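Everything below belongs to input.txt, which stores compact mmCIF, C-alpha atoms.
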```txt
# COMPACT_ATOMS: atom_id res chain seq x y z
CA MET A 1 -45.15 -2.89 26.93
CA THR A 2 -41.67 -3.47 28.25
CA ASP A 3 -40.29 -6.96 27.72
CA THR A 4 -39.67 -8.66 31.07
CA SER A 5 -38.79 -12.10 32.43
CA SER A 6 -42.42 -13.14 32.86
CA SER A 7 -43.20 -12.50 29.17
CA SER A 8 -41.88 -15.87 27.99
CA ILE A 9 -43.30 -18.19 30.65
CA ILE A 10 -45.48 -21.13 29.64
CA TYR A 11 -47.69 -22.73 32.30
CA LYS A 12 -49.83 -25.82 31.82
CA PHE A 13 -53.17 -26.22 33.56
CA GLY A 14 -54.49 -29.69 32.88
CA THR A 15 -54.60 -30.02 29.09
CA THR A 16 -54.40 -26.26 28.51
CA SER A 17 -51.25 -24.17 28.13
CA PHE A 18 -50.95 -20.43 28.79
CA GLN A 19 -48.11 -18.62 27.04
CA PHE A 20 -47.78 -15.47 29.10
CA GLY A 21 -46.72 -12.41 27.17
CA LYS A 22 -48.50 -13.28 23.95
CA ARG A 23 -51.87 -12.05 25.17
CA THR A 24 -53.81 -11.29 28.34
CA TYR A 25 -55.72 -14.18 29.91
CA LEU A 26 -59.14 -13.75 31.51
CA MET A 27 -60.07 -15.28 34.85
CA GLY A 28 -63.86 -15.42 35.18
CA ILE A 29 -65.26 -14.75 38.66
CA LEU A 30 -67.77 -17.32 39.92
CA ASN A 31 -69.02 -16.43 43.40
CA VAL A 32 -71.00 -19.31 44.90
CA THR A 33 -71.83 -17.17 47.92
CA PRO A 34 -74.89 -15.37 49.26
CA ASP A 35 -72.99 -12.20 50.18
CA SER A 36 -70.23 -11.25 47.73
CA PHE A 37 -69.99 -7.49 47.18
CA SER A 38 -71.00 -7.53 43.51
CA ASP A 39 -73.17 -10.51 42.68
CA GLY A 40 -73.73 -12.20 46.04
CA GLY A 41 -76.52 -14.74 45.80
CA ARG A 42 -76.89 -14.60 42.03
CA PHE A 43 -75.03 -17.88 41.54
CA PHE A 44 -75.45 -19.39 45.00
CA ASP A 45 -77.61 -22.10 43.43
CA GLN A 46 -75.19 -24.72 42.14
CA THR A 47 -77.02 -25.31 38.87
CA ASP A 48 -76.99 -21.58 38.14
CA ALA A 49 -73.31 -21.43 39.05
CA VAL A 50 -72.32 -24.21 36.66
CA LEU A 51 -74.38 -22.73 33.83
CA HIS A 52 -72.73 -19.37 34.40
CA ALA A 53 -69.29 -20.99 34.29
CA PHE A 54 -70.07 -22.47 30.89
CA GLN A 55 -71.42 -19.12 29.67
CA MET A 56 -68.23 -17.39 30.78
CA ALA A 57 -66.19 -20.00 28.92
CA LYS A 58 -68.31 -19.40 25.82
CA ASP A 59 -67.78 -15.64 26.18
CA GLY A 60 -64.01 -16.06 26.28
CA ALA A 61 -62.91 -16.85 29.82
CA ASP A 62 -59.62 -18.74 29.94
CA LEU A 63 -59.98 -19.84 33.56
CA ILE A 64 -62.91 -20.04 36.00
CA ASP A 65 -62.28 -18.88 39.59
CA VAL A 66 -64.74 -20.51 42.01
CA GLY A 67 -65.11 -18.89 45.42
CA GLY A 68 -67.24 -20.02 48.35
CA GLU A 69 -66.43 -17.27 50.85
CA SER A 70 -66.88 -13.55 50.32
CA THR A 71 -63.69 -11.56 50.91
CA ARG A 72 -65.34 -8.15 50.57
CA PRO A 73 -64.33 -5.56 53.18
CA GLY A 74 -65.88 -6.44 56.54
CA ALA A 75 -66.75 -10.01 55.56
CA GLU A 76 -66.91 -12.71 58.21
CA SER A 77 -65.10 -16.02 57.75
CA VAL A 78 -67.07 -19.07 56.56
CA ALA A 79 -66.69 -22.46 58.25
CA VAL A 80 -64.64 -24.99 56.33
CA GLU A 81 -67.49 -27.48 55.94
CA GLU A 82 -69.82 -24.81 54.56
CA GLU A 83 -67.20 -23.61 52.10
CA LEU A 84 -66.62 -27.19 50.98
CA ARG A 85 -70.36 -27.66 50.48
CA ARG A 86 -70.51 -24.58 48.27
CA VAL A 87 -67.37 -25.08 46.22
CA VAL A 88 -66.57 -28.75 45.63
CA PRO A 89 -69.78 -29.84 43.83
CA VAL A 90 -69.52 -26.84 41.48
CA VAL A 91 -65.89 -27.60 40.62
CA ASN A 92 -66.78 -31.25 40.07
CA LYS A 93 -69.71 -30.45 37.77
CA ILE A 94 -67.69 -28.00 35.69
CA ARG A 95 -64.88 -30.50 35.32
CA GLN A 96 -67.23 -33.29 34.25
CA LYS A 97 -68.22 -31.35 31.15
CA SER A 98 -65.27 -29.07 30.42
CA ASP A 99 -61.48 -29.04 30.29
CA ILE A 100 -61.29 -25.31 31.08
CA PRO A 101 -58.76 -24.55 33.81
CA ILE A 102 -60.42 -24.04 37.21
CA SER A 103 -59.15 -22.01 40.13
CA VAL A 104 -60.50 -22.20 43.66
CA ASP A 105 -60.52 -18.93 45.58
CA THR A 106 -59.66 -20.03 49.12
CA TYR A 107 -57.07 -19.61 51.84
CA LYS A 108 -58.01 -22.86 53.60
CA ALA A 109 -55.83 -25.90 52.89
CA LYS A 110 -58.67 -28.40 53.35
CA VAL A 111 -60.90 -26.59 50.87
CA ALA A 112 -58.00 -26.37 48.42
CA LEU A 113 -57.30 -30.08 48.76
CA GLU A 114 -60.88 -31.17 48.10
CA ALA A 115 -61.29 -28.74 45.22
CA LEU A 116 -58.09 -30.01 43.60
CA LYS A 117 -59.34 -33.57 43.99
CA ALA A 118 -62.58 -32.51 42.28
CA GLY A 119 -60.70 -31.16 39.29
CA ALA A 120 -59.36 -27.69 40.07
CA ASN A 121 -55.91 -26.75 38.76
CA VAL A 122 -55.09 -23.56 40.66
CA VAL A 123 -55.51 -22.21 44.19
CA ASN A 124 -56.10 -18.46 44.40
CA ASP A 125 -55.02 -17.62 47.96
CA ILE A 126 -55.70 -14.07 49.14
CA SER A 127 -53.28 -14.59 52.02
CA ALA A 128 -50.31 -15.85 49.96
CA MET A 129 -50.25 -19.02 52.11
CA THR A 130 -50.06 -17.12 55.42
CA PHE A 131 -53.53 -17.83 56.86
CA ASP A 132 -53.15 -21.63 56.70
CA PRO A 133 -49.66 -23.12 57.12
CA GLY A 134 -50.75 -26.34 55.41
CA MET A 135 -51.45 -24.70 52.07
CA GLY A 136 -47.98 -25.10 50.56
CA GLU A 137 -47.92 -28.83 51.20
CA VAL A 138 -51.35 -29.29 49.61
CA ILE A 139 -50.37 -27.36 46.49
CA CYS A 140 -47.09 -29.21 46.05
CA ALA A 141 -48.50 -32.68 46.77
CA ASN A 142 -51.16 -32.18 44.11
CA SER A 143 -48.84 -30.59 41.53
CA ALA A 144 -51.14 -27.57 41.49
CA SER A 145 -50.51 -23.90 40.70
CA ILE A 146 -51.01 -20.95 43.02
CA VAL A 147 -51.88 -17.28 42.94
CA LEU A 148 -50.20 -15.43 45.80
CA MET A 149 -52.04 -12.22 46.69
CA HIS A 150 -51.11 -9.35 48.97
CA ILE A 151 -53.52 -8.42 51.74
CA LYS A 152 -53.02 -6.08 54.68
CA GLY A 153 -54.92 -7.55 57.62
CA THR A 154 -57.96 -9.74 57.01
CA PRO A 155 -61.14 -9.14 54.99
CA LYS A 156 -62.89 -8.15 58.22
CA ASP A 157 -60.48 -5.33 59.08
CA MET A 158 -58.37 -4.67 55.97
CA GLN A 159 -60.04 -1.36 55.05
CA ALA A 160 -59.74 0.11 58.55
CA ASN A 161 -57.39 2.97 57.67
CA PRO A 162 -54.66 1.06 55.77
CA ARG A 163 -51.29 2.81 55.80
CA TYR A 164 -47.96 2.27 54.04
CA ASP A 165 -44.69 4.17 53.92
CA ASP A 166 -44.32 3.10 50.28
CA VAL A 167 -47.16 0.90 49.05
CA VAL A 168 -45.36 -0.43 45.97
CA SER A 169 -42.14 -1.38 47.72
CA GLU A 170 -44.01 -2.97 50.64
CA VAL A 171 -46.36 -4.99 48.44
CA TYR A 172 -43.44 -5.93 46.18
CA GLY A 173 -41.38 -7.19 49.11
CA TYR A 174 -44.32 -9.16 50.51
CA LEU A 175 -44.95 -10.88 47.17
CA ALA A 176 -41.27 -11.53 46.45
CA ASP A 177 -40.97 -13.24 49.84
CA ALA A 178 -44.15 -15.21 49.17
CA VAL A 179 -42.78 -16.46 45.85
CA ASP A 180 -39.59 -17.58 47.58
CA ARG A 181 -41.65 -19.48 50.17
CA ALA A 182 -43.76 -21.11 47.49
CA LYS A 183 -40.69 -22.23 45.58
CA LYS A 184 -39.20 -23.69 48.76
CA SER A 185 -42.46 -25.62 49.21
CA GLY A 186 -41.87 -27.21 45.81
CA ILE A 187 -44.48 -25.23 43.88
CA THR A 188 -43.41 -24.55 40.31
CA GLN A 189 -46.29 -22.62 38.71
CA ILE A 190 -46.70 -19.39 40.69
CA MET A 191 -48.60 -16.18 39.93
CA ILE A 192 -48.78 -12.99 41.97
CA ASP A 193 -51.56 -10.46 42.61
CA PRO A 194 -50.93 -7.06 44.26
CA GLY A 195 -54.38 -7.26 45.88
CA ILE A 196 -56.21 -4.21 44.60
CA GLY A 197 -58.73 -3.20 47.27
CA PHE A 198 -57.38 -5.56 49.92
CA GLY A 199 -56.13 -3.15 52.55
CA LYS A 200 -55.59 -0.19 50.21
CA THR A 201 -57.00 3.29 49.75
CA VAL A 202 -58.01 4.64 46.35
CA ASP A 203 -54.59 6.27 45.98
CA HIS A 204 -52.82 3.05 46.93
CA ASN A 205 -54.76 1.16 44.27
CA LEU A 206 -54.02 3.74 41.59
CA GLU A 207 -50.32 3.77 42.39
CA LEU A 208 -50.12 -0.03 42.27
CA ILE A 209 -51.76 -0.10 38.84
CA ASP A 210 -49.59 2.76 37.57
CA ARG A 211 -46.41 0.95 38.69
CA LEU A 212 -47.56 -2.58 37.94
CA GLN A 213 -44.67 -3.14 35.55
CA GLU A 214 -42.29 -3.18 38.52
CA PHE A 215 -43.87 -6.39 39.83
CA ARG A 216 -42.87 -8.25 36.70
CA ARG A 217 -39.30 -8.18 37.95
CA ILE A 218 -40.28 -10.89 40.42
CA GLY A 219 -40.29 -13.18 37.38
CA VAL A 220 -43.73 -14.77 37.53
CA PRO A 221 -47.03 -13.86 35.82
CA VAL A 222 -48.98 -10.97 37.32
CA LEU A 223 -52.73 -11.18 37.94
CA VAL A 224 -54.83 -8.10 38.66
CA GLY A 225 -58.40 -7.94 39.98
CA VAL A 226 -60.10 -4.58 39.55
CA SER A 227 -63.56 -5.65 38.42
CA ARG A 228 -66.39 -3.49 39.87
CA LYS A 229 -64.31 -2.60 42.93
CA SER A 230 -65.07 0.29 45.26
CA PHE A 231 -62.17 2.49 44.13
CA ILE A 232 -63.84 2.63 40.72
CA GLY A 233 -67.15 3.60 42.32
CA LYS A 234 -65.48 6.33 44.35
CA ILE A 235 -63.80 7.83 41.29
CA ILE A 236 -66.83 7.80 38.96
CA GLY A 237 -69.53 8.10 41.60
CA ALA A 238 -71.34 4.91 40.65
CA PRO A 239 -72.84 1.96 42.56
CA VAL A 240 -71.50 -1.52 41.97
CA GLU A 241 -74.01 -2.37 39.24
CA SER A 242 -72.94 0.68 37.19
CA ARG A 243 -69.18 0.24 37.07
CA LEU A 244 -68.75 -1.47 33.69
CA GLU A 245 -67.05 1.46 31.96
CA GLY A 246 -64.86 2.16 34.96
CA THR A 247 -63.88 -1.49 35.11
CA ALA A 248 -63.06 -1.46 31.41
CA ALA A 249 -60.75 1.52 31.87
CA ALA A 250 -59.03 -0.06 34.87
CA VAL A 251 -58.61 -3.38 33.05
CA ALA A 252 -57.10 -1.64 30.02
CA ALA A 253 -54.73 0.33 32.24
CA SER A 254 -53.71 -2.82 34.10
CA ILE A 255 -52.92 -4.65 30.86
CA LEU A 256 -50.94 -1.72 29.45
CA HIS A 257 -48.97 -1.51 32.70
CA GLY A 258 -48.04 -5.19 32.80
CA ALA A 259 -50.88 -7.53 33.82
CA ASP A 260 -50.72 -11.05 32.39
CA LEU A 261 -54.14 -12.08 33.71
CA VAL A 262 -57.19 -10.06 34.72
CA ARG A 263 -59.86 -11.33 37.09
CA VAL A 264 -63.25 -10.05 35.91
CA HIS A 265 -67.02 -10.50 36.08
CA ASP A 266 -68.02 -9.29 32.60
CA ILE A 267 -66.17 -11.66 30.32
CA ARG A 268 -67.59 -10.72 26.93
CA GLU A 269 -66.96 -7.01 27.42
CA MET A 270 -63.56 -7.38 29.08
CA ARG A 271 -62.43 -9.77 26.36
CA ARG A 272 -62.93 -6.95 23.87
CA VAL A 273 -61.09 -4.55 26.15
CA ALA A 274 -58.18 -6.99 26.41
CA LEU A 275 -58.04 -7.44 22.63
CA ILE A 276 -57.59 -3.71 22.13
CA ALA A 277 -55.16 -3.28 25.00
CA ASP A 278 -53.10 -6.23 23.72
CA ALA A 279 -53.12 -4.84 20.17
CA ILE A 280 -51.61 -1.62 21.53
CA GLY A 281 -49.30 -2.98 24.20
CA ARG A 282 -48.09 -6.31 22.81
CA ARG A 283 -47.26 -5.39 19.23
CA LYS A 284 -43.75 -6.79 19.58
CA ALA A 285 -44.72 -9.85 21.68
```

Would you put the structure from the file into structure tokens?
Amino acid sequence: MTDTSSSSIIYKFGTTSFQFGKRTYLMGILNVTPDSFSDGGRFFDQTDAVLHAFQMAKDGADLIDVGGESTRPGAESVAVEEELRRVVPVVNKIRQKSDIPISVDTYKAKVALEALKAGANVVNDISAMTFDPGMGEVICANSASIVLMHIKGTPKDMQANPRYDDVVSEVYGYLADAVDRAKKSGITQIMIDPGIGFGKTVDHNLELIDRLQEFRRIGVPVLVGVSRKSFIGKIIGAPVESRLEGTAAAVAASILHGADLVRVHDIREMRRVALIADAIGRRKA
């Protein structure tokens, strides 16, 4: 793995420090929704959600990402009050019994604010702070961290024939601008995500993963989310519940091409994948 500026960054989330470049960190997906593309409804019950968070931590998750609105292709928006009802109690219950860093997967400033008050450390914003102009102020005022993701359109329409002249340069420019905006808002701990599957074709996704190293020039840690996504299903001809091996291959490729964090469902298995990929790609780290 090529040494880059983001390989020596240390971020602190609560009492936990991440030293990016030494190893890959795992973000565990916790969907507290009835309709997410992969496990919608499985952890909609708050008790089940909290228990699953603790199991993911036991299996090796470094950070838990709690989401109360499905952002699968074609998904409808969820009202703020409903998203708050789903997310905040789960964040609060995890924090009461664990110091593990918690991320809230939302683009709504009010949801971010209440989740941060409940104990979250990071906001994972699929819109890179473009859907809600109040997001930057909330992040800065609460000394929180942010993941800035690229999306073309909205979840409802993003897969309606997405087109780019040069997908890597366009996504790169979008994220570089987003980082500049976040810094001007006073945010100091910033991560970026090229948004695999969010307004991209299979070829777009593959090119982004293949050229992921280029995004490290932005100078902040790079997060990649490939877990169980449709491009994997299209390549291997498998439904969402049968994409473990394809996910493992995509996670390994992402790590070897420059990912600092991977957002995944299957923590135990992907932890093993990351250990091998790190052993190959970070020998000089």

Once you count only C-alpha atoms, what closest atom pair and distance in Å to one decimal does each residue of region 140-198 of chain A within 12 Å of region 113-120 of chain A have, with rows by chain and rising residue number, as CSV?
```
residue,atom,partner,partner_atom,distance
A:Cys140,CA,A:Leu113,CA,10.6
A:Ala141,CA,A:Leu113,CA,9.4
A:Asn142,CA,A:Leu116,CA,7.3
A:Ser143,CA,A:Leu116,CA,9.5
A:Ala144,CA,A:Leu116,CA,7.7
A:Ser145,CA,A:Ala120,CA,9.6
A:Ile146,CA,A:Ala120,CA,11.1
```

Quick one: distance from CA of Ser77 (chain A) to CA of Phe131 (chain A) in Å, one decimal?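 These two atoms are separated by 11.7 Å.
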
One decimal, Å: what's the distance from CA of Gly173 (chain A) over to CA of Asp193 (chain A), could you say?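 Taking CA of Gly173 (chain A) as the start and CA of Asp193 (chain A) as the end point, the length is 12.5 Å.
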
Might you pull out every residue within 7 Å of region 253-269 of chain A, with only C-alpha atoms counted and same-chain residues fewer than 2 positions away left off, and present them as a compact mmCIF listing (two decimals) with C-alpha atoms, in the frame of the given file?
```
# COMPACT_ATOMS: atom_id res chain seq x y z
CA MET A 1 -45.15 -2.89 26.93
CA PHE A 20 -47.78 -15.47 29.10
CA GLY A 21 -46.72 -12.41 27.17
CA THR A 24 -53.81 -11.29 28.34
CA TYR A 25 -55.72 -14.18 29.91
CA LEU A 26 -59.14 -13.75 31.51
CA MET A 27 -60.07 -15.28 34.85
CA GLY A 28 -63.86 -15.42 35.18
CA ILE A 29 -65.26 -14.75 38.66
CA MET A 56 -68.23 -17.39 30.78
CA ASP A 59 -67.78 -15.64 26.18
CA GLY A 60 -64.01 -16.06 26.28
CA ALA A 61 -62.91 -16.85 29.82
CA ILE A 209 -51.76 -0.10 38.84
CA ASP A 210 -49.59 2.76 37.57
CA ARG A 211 -46.41 0.95 38.69
CA LEU A 212 -47.56 -2.58 37.94
CA GLN A 213 -44.67 -3.14 35.55
CA PRO A 221 -47.03 -13.86 35.82
CA VAL A 222 -48.98 -10.97 37.32
CA LEU A 223 -52.73 -11.18 37.94
CA VAL A 224 -54.83 -8.10 38.66
CA GLY A 225 -58.40 -7.94 39.98
CA SER A 227 -63.56 -5.65 38.42
CA ALA A 249 -60.75 1.52 31.87
CA ALA A 250 -59.03 -0.06 34.87
CA VAL A 251 -58.61 -3.38 33.05
CA ARG A 271 -62.43 -9.77 26.36
CA ARG A 272 -62.93 -6.95 23.87
CA VAL A 273 -61.09 -4.55 26.15
CA ALA A 277 -55.16 -3.28 25.00
CA GLY A 281 -49.30 -2.98 24.20
```

Tell me which of A:Ser98, A:Thr106, A:Thr201, A:Ser127 sits closest to Phe54 (chain A), counting only C-alpha atoms.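 Residue with the minimum atom-to-atom distance to Phe54 (chain A): A:Ser98.
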
Just give me the gap between CA of Glu82 (chain A) and CA of Asp105 (chain A) in Å, one decimal is fine.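 Going from CA of Glu82 (chain A) over to CA of Asp105 (chain A) covers 14.2 Å.
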
Kindly provide, as an mmCIF file with C-alpha atoms, in the coordinates of the input, the polymer residues lying within 10 Å of (-63.9, -26.1, 35.9), counting all atoms listed in the file and using the coordinates exactly as they appear in the file.
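Output (part.cif):
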```
data_model
loop_
_atom_site.group_PDB
_atom_site.id
_atom_site.type_symbol
_atom_site.label_atom_id
_atom_site.label_comp_id
_atom_site.auth_asym_id
_atom_site.auth_seq_id
_atom_site.Cartn_x
_atom_site.Cartn_y
_atom_site.Cartn_z
ATOM 1 C CA VAL A 50 -72.320 -24.210 36.660
ATOM 2 C CA ALA A 53 -69.290 -20.990 34.290
ATOM 3 C CA PHE A 54 -70.070 -22.470 30.890
ATOM 4 C CA ALA A 57 -66.190 -20.000 28.920
ATOM 5 C CA LEU A 63 -59.980 -19.840 33.560
ATOM 6 C CA ILE A 64 -62.910 -20.040 36.000
ATOM 7 C CA ASP A 65 -62.280 -18.880 39.590
ATOM 8 C CA VAL A 66 -64.740 -20.510 42.010
ATOM 9 C CA VAL A 90 -69.520 -26.840 41.480
ATOM 10 C CA VAL A 91 -65.890 -27.600 40.620
ATOM 11 C CA ASN A 92 -66.780 -31.250 40.070
ATOM 12 C CA LYS A 93 -69.710 -30.450 37.770
ATOM 13 C CA ILE A 94 -67.690 -28.000 35.690
ATOM 14 C CA ARG A 95 -64.880 -30.500 35.320
ATOM 15 C CA GLN A 96 -67.230 -33.290 34.250
ATOM 16 C CA LYS A 97 -68.220 -31.350 31.150
ATOM 17 C CA SER A 98 -65.270 -29.070 30.420
ATOM 18 C CA ASP A 99 -61.480 -29.040 30.290
ATOM 19 C CA ILE A 100 -61.290 -25.310 31.080
ATOM 20 C CA PRO A 101 -58.760 -24.550 33.810
ATOM 21 C CA ILE A 102 -60.420 -24.040 37.210
ATOM 22 C CA SER A 103 -59.150 -22.010 40.130
ATOM 23 C CA VAL A 104 -60.500 -22.200 43.660
ATOM 24 C CA ALA A 118 -62.580 -32.510 42.280
ATOM 25 C CA GLY A 119 -60.700 -31.160 39.290
ATOM 26 C CA ALA A 120 -59.360 -27.690 40.070
ATOM 27 C CA ASN A 121 -55.910 -26.750 38.760
#
```

I'd like the contact shell of Asp177 (chain A) - 12 Å cut-off, only C-alpha atoms, skipping same-chain residues fewer than 4 positions apart - returned as a VMD selection string. chain A and resid 128 to 130 148 to 150 170 to 173 181 to 184 192 218

Protein/DNA/RNA residues near (-39.1, -24.1, 38.0), cut 12 Å, all atoms listed in the file, as a PyMOL selection string: chain A and resi 9-11+145+179-180+182-190+219-220

Minimum-distance residue to Gly195 (chain A), chosen among A:Ala79, A:Leu244, A:Val168, A:Ala274 (using all atoms listed in the file): A:Val168

Measuring atom to atom with only C-alpha atoms, identify which of A:Asn161, A:Ser242, A:Thr15, A:Ser169 is nearest to Val202 (chain A). A:Asn161

Report, as AutoDock Vina command-line options, the axis-aligned box around all atoms of region 247-262 of chain A present in the file, extended by 6 Å on each side; give centre and edge lengths in Å to one decimal place.
```
--center_x -56.0 --center_y -5.3 --center_z 32.3 --size_x 27.8 --size_y 25.6 --size_z 17.7
```

A:Leu275, A:Glu207, A:Gly237, A:Phe13: which is nearest Asp62 (chain A), counting only C-alpha atoms?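 Looking at the shortest contact to Asp62 (chain A), the residue is A:Phe13.
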
Excluding Asn205 (chain A) and residues on its chain fewer than 6 positions from it, collect all residues at most 8 Å away from it, counting all atoms listed in the file, and give them as a PyMOL selection string. chain A and resi 196-197+231

Near region 155-158 of chain A, 9 Å: region 185-266 of chain A residue rows, closest pairs, all atoms listed in the file, as CSV:
```
residue,atom,partner,partner_atom,distance
A:Gly197,CA,A:Met158,CA,8.8
A:Phe198,CA,A:Met158,CA,6.2
A:Gly199,CA,A:Met158,CA,4.4
A:Lys200,CA,A:Met158,CA,7.8
```

Incomplete region 160-182 of chain A brought to N, CA and C atoms, written out as a PDB file, in the frame of the given file:
```pdb
ATOM      1  N   ALA A 160     -59.732  -0.782  57.384  1.00  0.00           N
ATOM      2  CA  ALA A 160     -59.740   0.110  58.550  1.00  0.00           C
ATOM      3  C   ALA A 160     -58.475   0.959  58.551  1.00  0.00           C
ATOM      4  N   ASN A 161     -58.484   2.006  57.745  1.00  0.00           N
ATOM      5  CA  ASN A 161     -57.390   2.970  57.670  1.00  0.00           C
ATOM      6  C   ASN A 161     -56.033   2.335  57.320  1.00  0.00           C
ATOM      7  N   PRO A 162     -55.942   1.666  56.157  1.00  0.00           N
ATOM      8  CA  PRO A 162     -54.660   1.060  55.770  1.00  0.00           C
ATOM      9  C   PRO A 162     -53.594   2.112  55.498  1.00  0.00           C
ATOM     10  N   ARG A 163     -52.390   1.869  55.979  1.00  0.00           N
ATOM     11  CA  ARG A 163     -51.290   2.810  55.800  1.00  0.00           C
ATOM     12  C   ARG A 163     -50.017   2.096  55.346  1.00  0.00           C
ATOM     13  N   TYR A 164     -49.247   2.772  54.523  1.00  0.00           N
ATOM     14  CA  TYR A 164     -47.960   2.270  54.040  1.00  0.00           C
ATOM     15  C   TYR A 164     -46.986   3.442  53.987  1.00  0.00           C
ATOM     16  N   ASP A 165     -45.712   3.165  54.185  1.00  0.00           N
ATOM     17  CA  ASP A 165     -44.690   4.170  53.920  1.00  0.00           C
ATOM     18  C   ASP A 165     -44.466   4.288  52.421  1.00  0.00           C
ATOM     19  N   ASP A 166     -44.445   3.144  51.740  1.00  0.00           N
ATOM     20  CA  ASP A 166     -44.320   3.100  50.280  1.00  0.00           C
ATOM     21  C   ASP A 166     -45.074   1.860  49.826  1.00  0.00           C
ATOM     22  N   VAL A 167     -46.292   2.041  49.330  1.00  0.00           N
ATOM     23  CA  VAL A 167     -47.160   0.900  49.050  1.00  0.00           C
ATOM     24  C   VAL A 167     -46.559  -0.055  48.029  1.00  0.00           C
ATOM     25  N   VAL A 168     -45.904   0.459  47.006  1.00  0.00           N
ATOM     26  CA  VAL A 168     -45.360  -0.430  45.970  1.00  0.00           C
ATOM     27  C   VAL A 168     -44.220  -1.258  46.512  1.00  0.00           C
ATOM     28  N   SER A 169     -43.284  -0.621  47.215  1.00  0.00           N
ATOM     29  CA  SER A 169     -42.140  -1.380  47.720  1.00  0.00           C
ATOM     30  C   SER A 169     -42.571  -2.392  48.775  1.00  0.00           C
ATOM     31  N   GLU A 170     -43.556  -2.045  49.608  1.00  0.00           N
ATOM     32  CA  GLU A 170     -44.010  -2.970  50.640  1.00  0.00           C
ATOM     33  C   GLU A 170     -44.761  -4.155  50.050  1.00  0.00           C
ATOM     34  N   VAL A 171     -45.633  -3.890  49.089  1.00  0.00           N
ATOM     35  CA  VAL A 171     -46.360  -4.990  48.440  1.00  0.00           C
ATOM     36  C   VAL A 171     -45.385  -5.845  47.633  1.00  0.00           C
ATOM     37  N   TYR A 172     -44.446  -5.201  46.952  1.00  0.00           N
ATOM     38  CA  TYR A 172     -43.440  -5.930  46.180  1.00  0.00           C
ATOM     39  C   TYR A 172     -42.641  -6.872  47.085  1.00  0.00           C
ATOM     40  N   GLY A 173     -42.157  -6.353  48.210  1.00  0.00           N
ATOM     41  CA  GLY A 173     -41.380  -7.190  49.110  1.00  0.00           C
ATOM     42  C   GLY A 173     -42.172  -8.359  49.658  1.00  0.00           C
ATOM     43  N   TYR A 174     -43.420  -8.098  50.007  1.00  0.00           N
ATOM     44  CA  TYR A 174     -44.320  -9.160  50.510  1.00  0.00           C
ATOM     45  C   TYR A 174     -44.470 -10.258  49.466  1.00  0.00           C
ATOM     46  N   LEU A 175     -44.714  -9.883  48.211  1.00  0.00           N
ATOM     47  CA  LEU A 175     -44.950 -10.880  47.170  1.00  0.00           C
ATOM     48  C   LEU A 175     -43.660 -11.603  46.774  1.00  0.00           C
ATOM     49  N   ALA A 176     -42.551 -10.881  46.749  1.00  0.00           N
ATOM     50  CA  ALA A 176     -41.270 -11.530  46.450  1.00  0.00           C
ATOM     51  C   ALA A 176     -40.955 -12.590  47.503  1.00  0.00           C
ATOM     52  N   ASP A 177     -41.179 -12.268  48.759  1.00  0.00           N
ATOM     53  CA  ASP A 177     -40.970 -13.240  49.840  1.00  0.00           C
ATOM     54  C   ASP A 177     -41.922 -14.422  49.701  1.00  0.00           C
ATOM     55  N   ALA A 178     -43.175 -14.135  49.330  1.00  0.00           N
ATOM     56  CA  ALA A 178     -44.150 -15.210  49.170  1.00  0.00           C
ATOM     57  C   ALA A 178     -43.760 -16.153  48.044  1.00  0.00           C
ATOM     58  N   VAL A 179     -43.241 -15.611  46.958  1.00  0.00           N
ATOM     59  CA  VAL A 179     -42.780 -16.460  45.850  1.00  0.00           C
ATOM     60  C   VAL A 179     -41.629 -17.346  46.305  1.00  0.00           C
ATOM     61  N   ASP A 180     -40.708 -16.787  47.059  1.00  0.00           N
ATOM     62  CA  ASP A 180     -39.590 -17.580  47.580  1.00  0.00           C
ATOM     63  C   ASP A 180     -40.101 -18.723  48.455  1.00  0.00           C
ATOM     64  N   ARG A 181     -41.086 -18.440  49.319  1.00  0.00           N
ATOM     65  CA  ARG A 181     -41.650 -19.480  50.170  1.00  0.00           C
ATOM     66  C   ARG A 181     -42.344 -20.560  49.354  1.00  0.00           C
ATOM     67  N   ALA A 182     -43.058 -20.139  48.335  1.00  0.00           N
ATOM     68  CA  ALA A 182     -43.760 -21.110  47.490  1.00  0.00           C
ATOM     69  C   ALA A 182     -42.769 -22.008  46.763  1.00  0.00           C
TER      70      ALA A 182
END
```
